[in-house]
Structures are given as C-alpha cells and as structure tokens.
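Next comes my_file_17.cif, with mmCIF, C-alpha atoms.
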data_run
#
loop_
_atom_site.label_atom_id
_atom_site.label_comp_id
_atom_site.auth_asym_id
_atom_site.auth_seq_id
_atom_site.Cartn_x
_atom_site.Cartn_y
_atom_site.Cartn_z
CA MET A 1 0.00 0.00 0.00
CA THR A 2 3.01 2.28 0.51
CA MET A 3 3.76 1.84 -3.19
CA ILE A 4 0.18 2.87 -4.05
CA LYS A 5 0.60 6.05 -1.99
CA LYS A 6 3.87 6.80 -3.78
CA ILE A 7 2.21 6.26 -7.16
CA ALA A 8 -0.68 8.54 -6.15
CA LEU A 9 1.72 11.27 -5.00
CA THR A 10 3.87 10.98 -8.14
CA ALA A 11 0.80 11.07 -10.41
CA SER A 12 -0.52 14.15 -8.60
CA ILE A 13 2.81 15.99 -8.90
CA MET A 14 3.13 15.08 -12.58
CA LEU A 15 -0.45 16.19 -13.24
CA PHE A 16 0.21 19.47 -11.45
CA VAL A 17 3.47 20.15 -13.35
CA LEU A 18 2.02 19.22 -16.74
CA THR A 19 -1.08 21.31 -16.11
CA GLN A 20 1.07 24.29 -15.13
CA ILE A 21 3.25 23.96 -18.21
CA PHE A 22 0.24 23.71 -20.48
CA SER A 23 -1.56 26.58 -18.71
CA PHE A 24 1.53 28.78 -18.85
CA TYR A 25 1.94 28.04 -22.55
CA VAL A 26 -1.73 28.83 -23.28
CA ILE A 27 -1.68 32.04 -21.22
CA LEU A 28 1.64 33.20 -22.72
CA ALA A 29 0.35 32.46 -26.23
CA SER A 30 -2.83 34.38 -25.39
CA HIS A 31 -0.79 37.35 -24.16
CA GLN A 32 1.36 37.33 -27.29
CA GLU A 33 -1.73 37.08 -29.48
CA LYS A 34 -3.21 40.16 -27.78
CA MET A 35 -0.01 42.11 -28.44
CA LYS A 36 0.05 40.91 -32.03
CA LEU A 37 -3.53 42.05 -32.63
CA LEU A 38 -2.73 45.43 -31.08
CA LYS A 39 0.32 45.81 -33.35
CA GLU A 40 -1.72 44.89 -36.42
CA LYS A 41 -4.39 47.43 -35.50
CA GLU A 42 -1.88 50.24 -34.97
CA SER A 43 0.07 49.18 -38.05
CA ARG A 44 -3.01 49.53 -40.29
CA LEU A 45 -3.65 53.00 -38.86
CA PHE A 46 -0.03 54.01 -39.45
CA VAL A 47 0.17 52.65 -43.02
CA ASN A 48 -3.15 54.22 -44.05
CA ALA A 49 -2.05 57.60 -42.62
CA GLU A 50 1.21 57.54 -44.54
CA GLN A 51 -0.58 56.63 -47.76
CA ASN A 52 -2.81 59.69 -47.24
CA CYS A 53 0.30 61.76 -46.60
CA VAL A 54 1.89 60.59 -49.87
CA LYS A 55 -1.29 61.34 -51.81
CA GLU A 56 -1.45 64.83 -50.31
CA PHE A 57 2.20 65.44 -51.10
CA GLU A 58 1.73 64.30 -54.70
CA ARG A 59 -1.32 66.56 -55.05
CA VAL A 60 0.43 69.66 -53.76
CA PHE A 61 3.72 69.07 -55.51
CA ALA A 62 2.72 67.52 -58.80
CA GLY A 63 5.41 69.29 -60.79
CA GLY A 64 7.50 71.73 -58.81
CA SER A 65 10.57 71.32 -56.62
CA LYS A 66 10.27 69.60 -53.26
CA ASN A 67 11.99 70.36 -49.97
CA ASP A 68 12.03 69.18 -46.38
CA THR A 69 9.83 72.04 -45.19
CA VAL A 70 6.96 71.11 -47.50
CA LEU A 71 7.41 67.42 -46.73
CA THR A 72 7.30 68.13 -42.99
CA TYR A 73 4.15 70.21 -43.40
CA CYS A 74 2.32 67.43 -45.31
CA PHE A 75 3.55 64.84 -42.81
CA ARG A 76 2.35 66.92 -39.83
CA GLU A 77 -1.08 67.53 -41.33
CA ASN A 78 -1.79 63.94 -42.40
CA MET A 79 -0.10 61.68 -39.83
CA PRO A 80 -1.71 60.72 -36.45
CA GLU A 81 -0.56 62.09 -33.10
CA GLY A 82 2.68 60.43 -32.03
CA SER A 83 4.23 60.36 -35.51
CA ALA A 84 7.79 61.33 -36.38
CA LEU A 85 9.75 61.89 -39.58
CA TYR A 86 13.51 61.39 -39.69
CA LYS A 87 16.08 62.12 -42.38
CA ASN A 88 19.38 60.30 -41.99
CA GLY A 89 18.79 59.99 -38.25
CA LYS A 90 17.83 63.65 -37.81
CA ALA A 91 14.28 64.55 -36.74
CA LEU A 92 12.38 66.70 -39.24
CA PHE A 93 9.16 66.40 -37.24
CA ASN A 94 8.13 64.63 -34.04
CA SER A 95 4.70 64.93 -32.44
CA SER A 96 5.40 62.16 -29.91
CA PRO A 97 5.83 63.23 -26.26
CA TYR A 98 8.01 60.14 -25.70
CA GLU A 99 11.69 60.02 -26.48
CA PHE A 100 13.11 56.96 -28.13
CA ASP A 101 16.59 56.30 -29.54
CA VAL A 102 16.32 56.13 -33.32
CA ASP A 103 19.91 54.86 -33.64
CA LYS A 104 18.97 51.65 -31.82
CA ILE A 105 16.22 50.86 -34.28
CA ASN A 106 17.26 48.88 -37.33
CA THR A 107 15.77 50.66 -40.34
CA GLU A 108 17.97 49.01 -42.95
CA ASN A 109 15.66 46.14 -43.83
CA PRO A 110 12.09 47.24 -43.20
CA GLU A 111 9.36 44.63 -43.41
CA TYR A 112 6.13 45.16 -45.25
CA PRO A 113 3.99 46.95 -44.33
CA CYS A 114 6.10 48.10 -41.36
CA ASN A 115 8.29 46.96 -38.55
CA SER A 116 7.40 47.22 -34.89
CA LYS A 117 9.26 47.25 -31.62
CA LEU A 118 8.09 47.28 -28.02
CA GLU A 119 10.21 49.55 -25.81
CA LYS A 120 10.03 50.32 -22.10
CA ILE A 121 11.05 53.90 -21.44
CA ASN A 122 10.73 55.56 -18.03
CA GLY A 123 8.20 52.97 -16.87
CA ARG A 124 6.07 53.38 -20.01
CA TYR A 125 5.48 50.67 -22.60
CA LEU A 126 5.79 52.15 -26.10
CA LEU A 127 4.86 50.45 -29.34
CA VAL A 128 7.15 51.94 -32.02
CA LEU A 129 6.08 51.31 -35.63
CA TYR A 130 8.45 52.41 -38.39
CA MET A 131 8.93 52.13 -42.14
CA GLN A 132 10.94 53.64 -44.94
CA SER A 133 8.83 56.51 -46.26
CA ASN A 134 7.16 55.89 -49.54
CA LEU A 135 7.86 59.45 -50.72
CA LYS A 136 9.11 58.41 -54.13
CA TYR A 137 8.77 61.85 -55.75
CA PHE A 138 10.86 63.44 -53.07
CA ARG A 139 13.41 60.64 -53.01
CA SER A 140 13.85 60.79 -56.76
CA LYS A 141 15.55 64.17 -56.40
CA ALA A 142 17.20 63.52 -53.09
CA ARG A 143 20.95 63.42 -52.91
CA LYS A 144 22.62 60.06 -52.86
CA GLY A 145 22.58 58.52 -49.39
CA GLU A 146 19.60 60.52 -48.12
CA ALA A 147 16.97 58.34 -46.43
CA TYR A 148 13.61 59.25 -44.96
CA HIS A 149 11.91 57.13 -42.29
CA SER A 150 8.60 57.66 -40.62
CA PHE A 151 7.74 56.48 -37.11
CA TYR A 152 4.58 56.10 -35.11
CA VAL A 153 4.76 55.81 -31.32
CA GLN A 154 1.77 54.54 -29.34
CA ASP A 155 1.69 54.40 -25.54
CA ILE A 156 0.24 51.00 -24.69
CA THR A 157 1.17 50.99 -21.00
CA SER A 158 -2.41 50.56 -19.78
CA VAL A 159 -3.17 47.87 -22.34
CA TYR A 160 0.09 46.06 -21.67
CA MET A 161 -0.28 46.20 -17.89
CA ASN A 162 -3.93 45.14 -18.02
CA SER A 163 -2.94 42.24 -20.22
CA PHE A 164 -0.05 41.44 -17.87
CA TYR A 165 -2.27 41.49 -14.78
CA LEU A 166 -4.87 39.42 -16.61
CA THR A 167 -2.14 36.92 -17.46
CA LEU A 168 -1.11 36.75 -13.79
CA LYS A 169 -4.74 36.32 -12.79
CA GLU A 170 -5.24 33.54 -15.31
CA LEU A 171 -2.02 31.89 -14.16
CA LEU A 172 -3.12 32.11 -10.52
CA ILE A 173 -6.50 30.60 -11.39
CA SER A 174 -4.68 27.88 -13.30
CA VAL A 175 -2.46 27.12 -10.30
CA LEU A 176 -5.46 26.97 -7.96
CA ALA A 177 -7.36 24.78 -10.42
CA SER A 178 -4.35 22.47 -10.77
CA VAL A 179 -3.88 22.25 -7.00
CA SER A 180 -7.59 21.44 -6.66
CA MET A 181 -7.34 18.79 -9.36
CA ALA A 182 -4.26 17.27 -7.73
CA ALA A 183 -5.98 17.31 -4.32
CA LEU A 184 -9.07 15.71 -5.86
CA LEU A 185 -6.91 13.07 -7.51
CA VAL A 186 -5.17 12.29 -4.22
CA TYR A 187 -8.54 12.13 -2.46
CA LEU A 188 -10.00 9.78 -5.09
CA ILE A 189 -6.94 7.55 -5.06
CA LYS A 190 -7.01 7.42 -1.27
CA LYS A 191 -10.72 6.66 -1.35
CA ILE A 192 -10.15 3.88 -3.87
CA THR A 193 -7.14 2.43 -2.08
CA ARG A 194 -8.47 2.78 1.47
CA PRO A 195 -10.63 -0.39 1.22
CA LEU A 196 -7.68 -2.20 -0.37
CA TYR A 197 -5.43 -0.98 2.42
CA ALA A 198 -7.97 -2.12 5.03
CA VAL A 199 -8.27 -5.51 3.34
CA ASN A 200 -4.50 -5.80 3.09
CA GLU A 201 -4.08 -4.88 6.76
CA THR A 202 -6.79 -7.34 7.78
CA GLN A 203 -5.23 -10.12 5.73
CA ARG A 204 -1.80 -9.29 7.15
CA GLN A 205 -3.21 -9.60 10.66
CA LEU A 206 -4.98 -12.82 9.71
CA ILE A 207 -1.78 -14.30 8.31
CA GLY A 208 0.13 -13.25 11.42
CA SER A 209 -2.53 -14.72 13.69
CA MET A 210 -2.76 -17.86 11.59
CA SER A 211 1.02 -18.35 11.81
CA HIS A 212 0.70 -18.14 15.57
CA GLU A 213 -2.21 -20.59 15.58
CA LEU A 214 -0.37 -23.07 13.38
CA LYS A 215 2.66 -23.08 15.64
CA THR A 216 1.07 -24.97 18.55
CA PRO A 217 -0.46 -27.95 16.67
CA LEU A 218 2.53 -28.23 14.34
CA THR A 219 4.91 -28.31 17.29
CA ALA A 220 2.79 -30.99 18.94
CA ILE A 221 2.54 -33.05 15.72
CA LYS A 222 6.28 -32.75 15.17
CA GLY A 223 7.03 -33.78 18.77
CA TYR A 224 4.70 -36.80 18.76
CA SER A 225 5.91 -37.96 15.35
CA GLU A 226 9.56 -37.72 16.42
CA THR A 227 8.71 -39.66 19.56
CA LEU A 228 7.00 -42.38 17.50
CA LEU A 229 10.04 -42.61 15.22
CA SER A 230 12.73 -42.61 17.89
CA VAL A 231 11.19 -44.05 21.10
CA LYS A 232 9.75 -47.51 21.62
CA LEU A 233 6.25 -46.99 23.06
CA SER A 234 3.57 -49.31 24.29
CA LYS A 235 0.58 -50.03 22.09
CA GLU A 236 -1.60 -47.77 24.23
CA GLN A 237 0.95 -44.91 24.10
CA GLU A 238 1.30 -45.20 20.33
CA GLU A 239 -2.47 -45.08 19.89
CA ARG A 240 -2.75 -42.02 22.14
CA ALA A 241 0.02 -40.24 20.18
CA LEU A 242 -1.60 -41.09 16.84
CA GLN A 243 -4.99 -39.90 18.07
CA TYR A 244 -3.46 -36.59 19.13
CA ILE A 245 -1.73 -36.22 15.76
CA HIS A 246 -5.03 -36.99 14.00
CA LYS A 247 -6.93 -34.53 16.21
CA GLU A 248 -4.43 -31.71 15.58
CA SER A 249 -4.35 -32.51 11.85
CA MET A 250 -8.12 -32.20 11.69
CA ARG A 251 -7.92 -28.90 13.54
CA LEU A 252 -5.38 -27.63 11.02
CA SER A 253 -7.66 -28.73 8.21
CA ARG A 254 -10.62 -26.86 9.69
CA LEU A 255 -8.45 -23.82 10.28
CA SER A 256 -7.29 -23.86 6.67
CA GLU A 257 -10.85 -24.14 5.33
CA LYS A 258 -12.14 -21.29 7.51
CA MET A 259 -9.17 -19.09 6.67
CA MET A 260 -9.77 -19.63 2.94
CA GLU A 261 -13.45 -18.76 3.32
CA LEU A 262 -12.72 -15.70 5.48
CA THR A 263 -9.99 -14.43 3.12
CA ARG A 264 -12.33 -14.79 0.14
CA LEU A 265 -15.01 -12.73 1.89
CA TYR A 266 -12.52 -9.93 2.53
CA GLU A 267 -11.77 -9.54 -1.18
CA PRO A 268 -13.33 -6.31 -2.65
CA GLU A 269 -14.52 -8.21 -5.73
CA CYS A 270 -16.20 -10.92 -3.66
CA LYS A 271 -19.54 -11.73 -5.27
CA ILE A 272 -22.42 -13.46 -3.53
CA GLU A 273 -25.48 -15.13 -5.08
CA LEU A 274 -28.53 -13.51 -3.56
CA GLU A 275 -31.93 -15.15 -3.82
CA TYR A 276 -35.16 -15.40 -1.84
CA VAL A 277 -34.84 -18.37 0.52
CA LEU A 278 -37.50 -19.84 2.84
CA VAL A 279 -36.38 -19.55 6.44
CA GLU A 280 -37.64 -23.11 7.13
CA ASP A 281 -35.30 -24.46 4.40
CA LEU A 282 -32.42 -22.52 5.88
CA PHE A 283 -33.12 -23.88 9.38
CA ARG A 284 -33.38 -27.46 8.07
CA ALA A 285 -29.95 -27.14 6.41
CA VAL A 286 -28.45 -25.89 9.69
CA GLU A 287 -30.10 -28.62 11.77
CA SER A 288 -28.90 -31.42 9.47
CA SER A 289 -25.35 -30.10 9.77
CA VAL A 290 -25.21 -29.69 13.57
CA ASN A 291 -27.51 -32.55 14.59
CA TYR A 292 -24.70 -35.05 15.20
CA ASN A 293 -22.69 -32.71 17.46
CA LEU A 294 -25.86 -31.75 19.36
CA LYS A 295 -26.57 -35.41 20.15
CA GLN A 296 -22.96 -35.98 21.18
CA LYS A 297 -23.29 -33.17 23.72
CA GLY A 298 -26.82 -34.01 24.75
CA MET A 299 -28.14 -30.62 23.60
CA THR A 300 -31.35 -29.62 21.86
CA LEU A 301 -31.82 -27.08 19.03
CA VAL A 302 -35.11 -25.20 19.36
CA ARG A 303 -36.72 -23.01 16.69
CA GLU A 304 -38.35 -19.77 17.76
CA GLY A 305 -39.80 -16.56 16.36
CA GLU A 306 -42.16 -15.75 13.51
CA PHE A 307 -40.48 -17.44 10.56
CA TYR A 308 -43.14 -19.69 8.99
CA GLY A 309 -43.65 -18.80 5.34
CA LYS A 310 -41.09 -16.01 5.57
CA LYS A 311 -38.40 -15.52 2.92
CA LYS A 312 -35.06 -13.74 3.18
CA TYR A 313 -33.02 -12.28 0.32
CA LEU A 314 -29.58 -13.78 0.92
CA ASP A 315 -26.84 -16.16 -0.15
CA ALA A 316 -28.10 -19.51 1.14
CA ASP A 317 -24.67 -21.16 1.51
CA LEU A 318 -23.09 -18.24 3.32
CA MET A 319 -26.05 -17.75 5.64
CA THR A 320 -26.10 -21.45 6.45
CA SER A 321 -22.42 -21.18 7.36
CA PHE A 322 -23.25 -18.07 9.42
CA LEU A 323 -25.86 -19.88 11.53
CA ILE A 324 -23.80 -23.09 11.87
CA ASN A 325 -20.87 -21.09 13.27
CA LEU A 326 -23.16 -19.42 15.79
CA VAL A 327 -24.71 -22.75 16.86
CA ASN A 328 -21.23 -24.28 17.29
CA ASN A 329 -20.19 -21.30 19.44
CA SER A 330 -23.33 -21.70 21.55
CA MET A 331 -22.63 -25.40 22.04
CA MET A 332 -19.12 -24.64 23.30
CA ALA A 333 -20.43 -21.97 25.68
CA SER A 334 -23.24 -24.16 27.10
CA ASP A 335 -23.36 -27.11 29.46
CA ARG A 336 -24.50 -30.60 28.54
CA GLY A 337 -28.28 -30.89 28.31
CA SER A 338 -28.73 -27.19 27.47
CA PHE A 339 -30.92 -25.66 24.77
CA VAL A 340 -29.71 -23.65 21.77
CA TYR A 341 -32.30 -21.44 20.07
CA LEU A 342 -32.48 -20.74 16.34
CA GLY A 343 -34.89 -17.91 15.50
CA ALA A 344 -36.09 -15.40 12.92
CA ASP A 345 -38.53 -12.52 12.53
CA GLU A 346 -39.38 -9.91 9.90
CA ASP A 347 -35.91 -8.37 9.57
CA SER A 348 -33.44 -10.64 11.39
CA LEU A 349 -32.06 -14.12 12.09
CA TRP A 350 -30.45 -15.12 15.38
CA VAL A 351 -28.95 -17.84 17.53
CA ARG A 352 -29.06 -17.65 21.30
CA ASP A 353 -28.02 -19.84 24.18
CA GLU A 354 -28.24 -20.06 27.97
CA GLY A 355 -24.53 -20.50 28.45
CA CYS A 356 -21.77 -18.73 30.35
CA GLY A 357 -22.15 -15.39 28.52
CA ILE A 358 -19.53 -12.84 27.52
CA HIS A 359 -18.20 -10.00 29.63
CA PRO A 360 -19.22 -6.53 28.25
CA GLU A 361 -15.56 -5.57 27.77
CA GLU A 362 -15.08 -8.60 25.52
CA LEU A 363 -18.08 -8.06 23.21
CA ASP A 364 -16.19 -6.03 20.61
CA LYS A 365 -13.02 -8.14 20.86
CA VAL A 366 -14.74 -11.46 20.10
CA ARG A 367 -15.54 -10.20 16.60
CA LYS A 368 -11.81 -10.24 15.75
CA ALA A 369 -10.22 -13.29 14.20
CA PHE A 370 -8.45 -15.69 16.59
CA TYR A 371 -9.69 -13.90 19.71
CA ARG A 372 -10.95 -16.26 22.44
CA VAL A 373 -12.79 -15.33 25.62
CA ASP A 374 -11.63 -18.40 27.55
CA LYS A 375 -8.37 -19.40 25.86
CA SER A 376 -7.72 -22.60 27.77
CA ARG A 377 -11.28 -23.84 27.29
CA SER A 378 -11.32 -22.81 23.65
CA ARG A 379 -8.13 -24.67 22.83
CA LYS A 380 -9.40 -27.73 24.61
CA SER A 381 -12.61 -27.69 22.60
CA GLY A 382 -10.81 -26.94 19.32
CA ASN A 383 -12.25 -23.48 18.95
CA MET A 384 -9.99 -21.33 16.73
CA GLY A 385 -11.63 -17.98 17.37
CA LEU A 386 -12.64 -17.58 13.73
CA GLY A 387 -16.39 -18.19 14.02
CA LEU A 388 -17.59 -14.68 14.86
CA ALA A 389 -15.00 -13.04 12.55
CA LEU A 390 -16.39 -15.13 9.72
CA CYS A 391 -19.98 -14.29 10.72
CA GLU A 392 -19.13 -10.59 10.89
CA GLN A 393 -17.80 -10.65 7.34
CA ILE A 394 -20.75 -12.67 6.04
CA ALA A 395 -23.05 -10.01 7.49
CA ALA A 396 -20.91 -7.29 5.86
CA VAL A 397 -21.12 -8.79 2.36
CA HIS A 398 -24.93 -8.91 2.83
CA HIS A 399 -24.82 -5.17 3.71
CA SER A 400 -26.30 -6.13 7.07
CA THR A 401 -25.22 -5.73 10.68
CA MET A 402 -24.35 -8.32 13.30
CA GLU A 403 -25.41 -7.57 16.86
CA LEU A 404 -24.20 -9.28 20.06
CA GLU A 405 -26.16 -9.30 23.31
CA SER A 406 -24.82 -11.15 26.33
CA ARG A 407 -25.06 -11.39 30.09
CA ILE A 408 -22.60 -13.27 32.28
CA GLY A 409 -24.19 -16.52 33.48
CA GLU A 410 -27.37 -15.99 31.44
CA GLY A 411 -26.33 -16.57 27.85
CA THR A 412 -25.60 -14.85 24.54
CA LYS A 413 -27.67 -13.85 21.53
CA VAL A 414 -26.10 -13.09 18.14
CA SER A 415 -28.35 -11.58 15.45
CA ILE A 416 -28.00 -10.47 11.85
CA HIS A 417 -30.26 -7.56 10.92
CA PHE A 418 -31.17 -7.15 7.25
CA LYS A 419 -31.97 -3.82 5.65
CA LEU A 420 -35.59 -3.81 4.56
#
Would you write out, as structure tokens, the structure that this file holds?
Amino acid sequence: MTMIKKIALTASIMLFVLTQIFSFYVILASHQEKMKLLKEKESRLFVNAEQNCVKEFERVFAGGSKNDTVLTYCFRENMPEGSALYKNGKALFNSSPYEFDVDKINTENPEYPCNSKLEKINGRYLLVLYMQSNLKYFRSKARKGEAYHSFYVQDITSVYMNSFYLTLKELLISVLASVSMAALLVYLIKKITRPLYAVNETQRQLIGSMSHELKTPLTAIKGYSETLLSVKLSKEQEERALQYIHKESMRLSRLSEKMMELTRLYEPECKIELEYVLVEDLFRAVESSVNYNLKQKGMTLVREGEFYGKKKYLDADLMTSFLINLVNNSMMASDRGSFVYLGADEDSLWVRDEGCGIHPEELDKVRKAFYRVDKSRSRKSGNMGLGLALCEQIAAVHHSTMELESRIGEGTKVSIHFKL
C-alpha cells in the first residue's frame, strides 16, 4: 500500500506540473496574441495615414521642386498624433511626447507593411512602428545617401499592464485549479485504495494470527511424530500419540478451510449469489449439519420466532455457514443438556443460548479473528476464534449488521439484521 501512496503522490505531482506547463503556454500564447492584434491594429492605422500623406504630397507638388519644409508640413497635417519623420537619423518632425533612440532601431531592412518594436522607457510601454517613407517623388531628387523614415509611437502601458495582470490572474487561477485537481486526484486515489489498504491490513493480521495458531499444533505433531520414530512406546501410548496427531491434523484442516473462506469474503470483488430463501429451508440445512454434534453433547436445538412462510433475500450457503458457526459457538459456551435457540422474525435471524455469557468488555473483541474469551477452554474444545469473525464478514457482504447481546451466566444472543 506504501507503493500505491507513492504512485498517487507521483501522479498528482506530474499532473500538477504538466497542467502548469500547459496553462503557462496557453496564457503566454494568449498574451502574445493580444499584443500581435494590437500591433496589427496600430500598423493599419499608421500605413493608411502615410498613404494619405503621400497622396497629399503628390497633389500639392505635382510638378515643382520639393523640400524638407513642404514634406514636414504634409507629414504633420496627415499623420496621427505620435508620428515622427527622420532624415538620416535627424528629426524633421516629431509629435510624440516620448523620447526613443532612433539609432537603436534597425531601419535598414524594413518589413512590409512596417516593422514594430516594443520599448520600455521611463516605466512606459511604447509600441514603435516604423517604415521607410514611400515618398518616391521626393526621393527621386534627393541626394545620394539621403533616407527618410517615418515612425509612429503609441503608448500601450495601460493595455500592456492590463494584459499582464490578466495573465497573472489567469495563471493564478490555473495554479489553484491544478492544486484542486491534484488534491481531488489524491482524495480519489485514497478513497479507492483505502478499502484495499484495510483488506491488506486485515489479511496481514490474519496471516500473522494464523502463523501463531499453526505453531502450537505443528509443534505438537512434530514432537509426537519424532517420539513415535525414535522411542519404543507401548501399544496404548502409540495409539494415544496417533490420536493426538489426528486430532491436531483435523484442527489444522478446519483452520485452513475457515481461513480460505474468510480471506475470500474480505476480497473487494467478492460476489455473492442472492436469492429469496425460505427460512424453514435454511433452518433445516443448519439442523442437518449440527444434529450429530448436538446429540454428542446431549443438547437440543429449538426453533423460535415468527419465521413460517417467511423468505429472506440472501446467499443460502453463506447464511447457512453463518448460523452453523453461531450454533457451534453456543454449544461450546453451554453445558451438557442445554438448549440452543435458532430464531427469525421480519428483519433478522439469530442464535441464542443459555450458556456462560460474555463480559461486556469482551463483546467487541470477540468479533476479531483468533480472539478467544476463555483461551484454555477454547483450545481444549478446538475453537480457533474464527467463528464470529467469519460471521461478521458474512453479514458485511450482505450489507447487514451483526449484533451481540450477552449477560454473564445468562447466555448470549447473536443476530444479523437485514436492511428492509
């Protein structure tokens, strides 16, 4: 189960990291897309304005000489606020309130329709658009080496910061969502593995207890068999040793069978065959199984309750085993000549006796596998302490509850209550 926890933790961390990487990529791409759209919008405005400027310049100076003064005038009148016109790095006109270093801007290979650059100056984010001026009439008479470039500067600080804060907000939401998903994954894995862990822990305890239980009869069998092989015994002594070996072997066989049945019932995928069964048929199956032992001990099994004609929705084999275990427990707790009662009513089945009873402090403990109230008496009678543990699990797979009522010196009643 430790490995399952490690897998769950690793999967959660990987999910968190992958989600963060993907979210960061999506948010960054979204931020870049917003900036790209803004640049395209401003670029269209800038290009259209310059085209209007060129048209105006061509209209005014269709045939005469051109000079920088006239060019500046047309540029100023037709270009949007924040525009600038440079000639060989020298400003002819600049309506932008923001200073930017023209020498740091590469104007040698302008892209169509214009280049753009995002600059941060004095805490402001400036979008600088620039292009080589399309003033072909003017350039045709310009001296060799003269170059005109137009610029458009747009303050996008508020847009940029809003987009930046929105990106942070989206990233924070993504982190919280990822943490929630990872926590949910851990919770679901724990919820799924908790029953497996409980089953594993129960089986581990059962195996540990079984190992302890096997030790005593195996030691005795080994000792008696070694004695038979190495020591010359009388006929009577040999028979007594063989009887003990046979008795302990039978106990080991019963222990093995009950352990297999109990282990199967603890499996999460354990399936039971539910059907409507007449209570009388169930009681007859129990009586036929325990009748021999009852006669051996001089006891009587008595039916009680309102069960005639009643049916219960259950697994017949498992419930028969449930009642047989309870009857056997009652026989071991009762004196010779006593009565054991097998009963039923509308919502329950039970077995009760008039035996020695169980101390209140022991009532919860007797449900555990291999626990015995009277250890010396139980070992003598062959009781392995598995009966009530098996009954408890049979009740669990029927989605029912097992109830114990007992008084010292008056007897014990064990009931299974079905959900109606």
Can you tell me which residues surround A:Glu304 at a distance of at most 9 Å, considering only C-alpha atoms, apart from same-chain residues fewer than 6 positions away, and format the answer as a list in words?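 Counting only the stated atoms, we get Tyr341, Leu342, Gly343, Ala344 and Asp345 of chain A.
Among the candidates A:Gln154, A:Thr320, A:Ser330, A:Ser249, the residue lying nearest to A:Leu301 is A:Ser330 (atoms considered: only C-alpha atoms).
One finds atom CA of A:Arg284 at 13.2 Å from atom CA of A:Val327.
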Given the choices A:Ala389, A:Phe16, A:Arg240, A:Arg367, which gets closest to A:Val186 if the distance is worked out from all atoms listed in the file?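 When distances to A:Val186 are compared using all atoms listed in the file, the smallest one comes from A:Phe16.
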Quick one: pull the distance between atom CA of A:Val414 and atom CA of A:Arg352, Å, one decimal.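 Rounded to one decimal, the two atoms are 6.3 Å apart.
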For the file shown, what are the residues hit by the PyMOL selection byres ((chain A and resi 248) around 9), laid out as a PDB file with C-alpha atoms, in the frame of the given file?
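The result, stored in expr-v9.pdb:
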ATOM      1  CA  PRO A 217      -0.460 -27.950  16.670  1.00  0.00           C
ATOM      2  CA  LEU A 218       2.530 -28.230  14.340  1.00  0.00           C
ATOM      3  CA  ALA A 220       2.790 -30.990  18.940  1.00  0.00           C
ATOM      4  CA  ILE A 221       2.540 -33.050  15.720  1.00  0.00           C
ATOM      5  CA  GLN A 243      -4.990 -39.900  18.070  1.00  0.00           C
ATOM      6  CA  TYR A 244      -3.460 -36.590  19.130  1.00  0.00           C
ATOM      7  CA  ILE A 245      -1.730 -36.220  15.760  1.00  0.00           C
ATOM      8  CA  HIS A 246      -5.030 -36.990  14.000  1.00  0.00           C
ATOM      9  CA  LYS A 247      -6.930 -34.530  16.210  1.00  0.00           C
ATOM     10  CA  SER A 249      -4.350 -32.510  11.850  1.00  0.00           C
ATOM     11  CA  MET A 250      -8.120 -32.200  11.690  1.00  0.00           C
ATOM     12  CA  ARG A 251      -7.920 -28.900  13.540  1.00  0.00           C
ATOM     13  CA  LEU A 252      -5.380 -27.630  11.020  1.00  0.00           C
ATOM     14  CA  SER A 253      -7.660 -28.730   8.210  1.00  0.00           C
ATOM     15  CA  GLY A 382     -10.810 -26.940  19.320  1.00  0.00           C
TER      16      GLY A 382
END
Got a sec to resolve the PyMOL selection byres ((chain A and resi 359) around 12) on this structure and send the residues as a list in words?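 Output of the PyMOL selection byres ((chain A and resi 359) around 12): Cys356, Gly357, Ile358, Pro360, Glu361, Glu362, Leu363, Asp364, Lys365, Val366, Arg372, Val373, Asp374, Leu404, Glu405, Ser406, Arg407, Ile408, Gly409, Glu410, Gly411 and Thr412 of chain A.
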Taking (2.3, 53.8, -31.5) in the coordinates of the supplied file, I want to know which residues reach to within 10 Å of it, counting all atoms listed in the file; could you give the answer as a PyMOL selection string? chain A and resi 38-39+42-43+45-46+80-83+96+116-118+125-130+151-156
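Note that the spacing between atom CA of A:Ala29 and atom CA of A:Asn162 amounts to 15.7 Å.
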Can you turn the PyMOL selection byres ((chain A and resi 171) around 10) into a concrete residue list for this file, as a ChimeraX atom specification? /A:20,23-24,26-28,165-170,172-177
Write out as a PyMOL selection string which residues come within 10 Å of A:Arg124 when counting only C-alpha atoms, dropping same-chain ones fewer than 6 positions away. chain A and resi 98+155-158+160-161
Which residue out of A:Ser415, A:Asn329, A:Asn78, A:Ser178 has the minimum interatomic distance to A:Ile21 when all atoms listed in the file are used? A:Ser178
